[in-house]
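Just below is one structure, and these are the notes that go with it.
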Amino acid sequence: MRRIPFGEILETLEAHYGPQQPCWPTDPYRFIVWWHCGYPASDATCAKGWESLRREIGVDPDQLLAADQANIAQALRSGGMVPELRALRLIEIAQRVQREFGGDLNAALKAMPTTKVRAALKKFSGIADPGADRIILFAGIAPLAAVPSNCPQVLVRIARGRERENYGVNYRHAQEIIEAELPPNVDSRMRAYLLLKQHGQQLCKRTNPKCQICPVREACAYVRR
């Protein structure tokens, strides 16, 4: 069976789901705030907390630092559990951005080498390698091979069959495929990220994937195994 290039697989996914756009802020500071607006963090919980925070308090560092922690927590309740802890984390984030980055995290990151950008981002609570990769890519800092953190199995299944039990191994394998098959530009890799994320959430789920109705099943090594 002819191996179908990853670019063709993305075309098929886009034909099925339509063009995708990020539902999160692409500015690095605002993404980190958005990520703490929901718990457990998901697109839905973070969006609810984010909208409430914007309406009730504001999201800029000076707005968060001027607000009472209890009021921030109240604004975050619509985003899920432990709002008091998330309010504290947001205050700490705002303080760090003001103190270490002059109030403009985006400008500071774009002036750094990429290796230092990742290290700087991982100092923020809740940001590990996958989150740092996503921030760097969607902020346009560098065309990293970012992989959706909640579904690294998608690309591994399509290209190599059954995924490994180790999350880190799956993530690295997915990155290798993106690096090998997509041009190193931000737009193509953002498109891949968004389509893989949508496919992982809708059909290629971690458990009980819906292979029988998958639009790329003919190209999928997981189906053929």
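Ordering of the structure tokens sets the chain letters (A, B, ...); residue numbers start at 1 within each chain; ligands are numbered from 1 in the order shown.
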Residues within 8 Å of Trp35 of chain A, only C-alpha atoms, excluding chain neighbours under 4 positions, as a ChimeraX atom specification: /A:31,41,46
Would you export the selected residues with C-alpha atoms as a PDB file, in the first residue's frame, please?
```
ATOM      1  CA  PHE A  31      -1.883  32.178  27.013  1.00  0.00           C
ATOM      2  CA  ALA A  41      -7.496  22.747  32.115  1.00  0.00           C
ATOM      3  CA  CYS A  46     -10.222  27.847  30.383  1.00  0.00           C
TER       4      CYS A  46
END
```
Would you pick out the contacts of segment 135-140 of chain A at 8 Å or less, using only C-alpha atoms, so that residues sharing its chain but fewer than 5 positions from it are not included, and give the list as a short mmCIF file (atom, residue, chain, number, x, y, z; two decimals) with C-alpha atoms, in the first residue's frame?
```cif
data_model
loop_
_atom_site.label_atom_id
_atom_site.label_comp_id
_atom_site.auth_asym_id
_atom_site.auth_seq_id
_atom_site.Cartn_x
_atom_site.Cartn_y
_atom_site.Cartn_z
CA THR A 26 -1.55 33.45 21.07
CA ASP A 27 0.29 36.12 23.06
CA PRO A 28 2.60 34.22 25.47
CA PHE A 31 -1.88 32.18 27.01
CA ASN A 106 6.26 38.61 24.31
CA VAL A 117 12.74 30.91 25.56
CA ARG A 118 11.68 27.38 26.47
CA ALA A 145 7.27 20.92 15.83
CA ALA A 146 4.69 21.38 18.58
CA VAL A 186 5.02 28.68 11.51
CA ARG A 189 3.03 23.70 11.72
CA MET A 190 0.23 25.63 13.39
#
```
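Distances from A:Ile177, A:Val59, A:Ala219, A:Ile91 to Ser125 of chain A were compared using only C-alpha atoms, and the smallest one belongs to A:Ile91.
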Polymer residues at most 9 Å from Lys48 of chain A, only C-alpha atoms, same-chain spacing of 6 or more positions, as a count of residues only: 7
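Each of A:Ala142, A:His36, A:Cys204, A:Ile178 was checked against Ala111 of chain A using only C-alpha atoms; the smallest atom-to-atom distance is that of A:Ala142.
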Atomic distance atom CA of Phe6 of chain A - atom CA of Leu155 of chain A, expressed in Å with one decimal: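 Result for atom CA of Phe6 of chain A versus atom CA of Leu155 of chain A: 9.0 Å, one decimal.
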10 Å contact set for Gln212 of chain A, only C-alpha atoms, chain neighbours under 3 positions out, as number ranges by chain: A: 203, 209, 215, 217, 223
Minimum-distance residue to Pro22 of chain A, chosen among A:Arg206, A:Lys123, A:Arg191, A:Arg3 (using only C-alpha atoms):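 Using only C-alpha atoms, Pro22 of chain A sits closest to A:Arg191.
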Sel. of helix (DSSP H, G or I) residues, segment 5-202 of chain A, as number ranges by chain: A: 6-17, 28-35, 43-56, 61-66, 69-79, 83-101, 105-110, 114-121, 129-138, 153-160, 167-181, 186-202
Atom pair atom CA of Asp60 of chain A / atom CA of Arg134 of chain A: separation (Å):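 According to the coordinates, atom CA of Asp60 of chain A and atom CA of Arg134 of chain A are separated by 20.8 Å.
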Coordinates-based distance that separates atom CA of Gln20 of chain A from atom CA of Cys211 of chain A (Å, one decimal): 21.5 Å
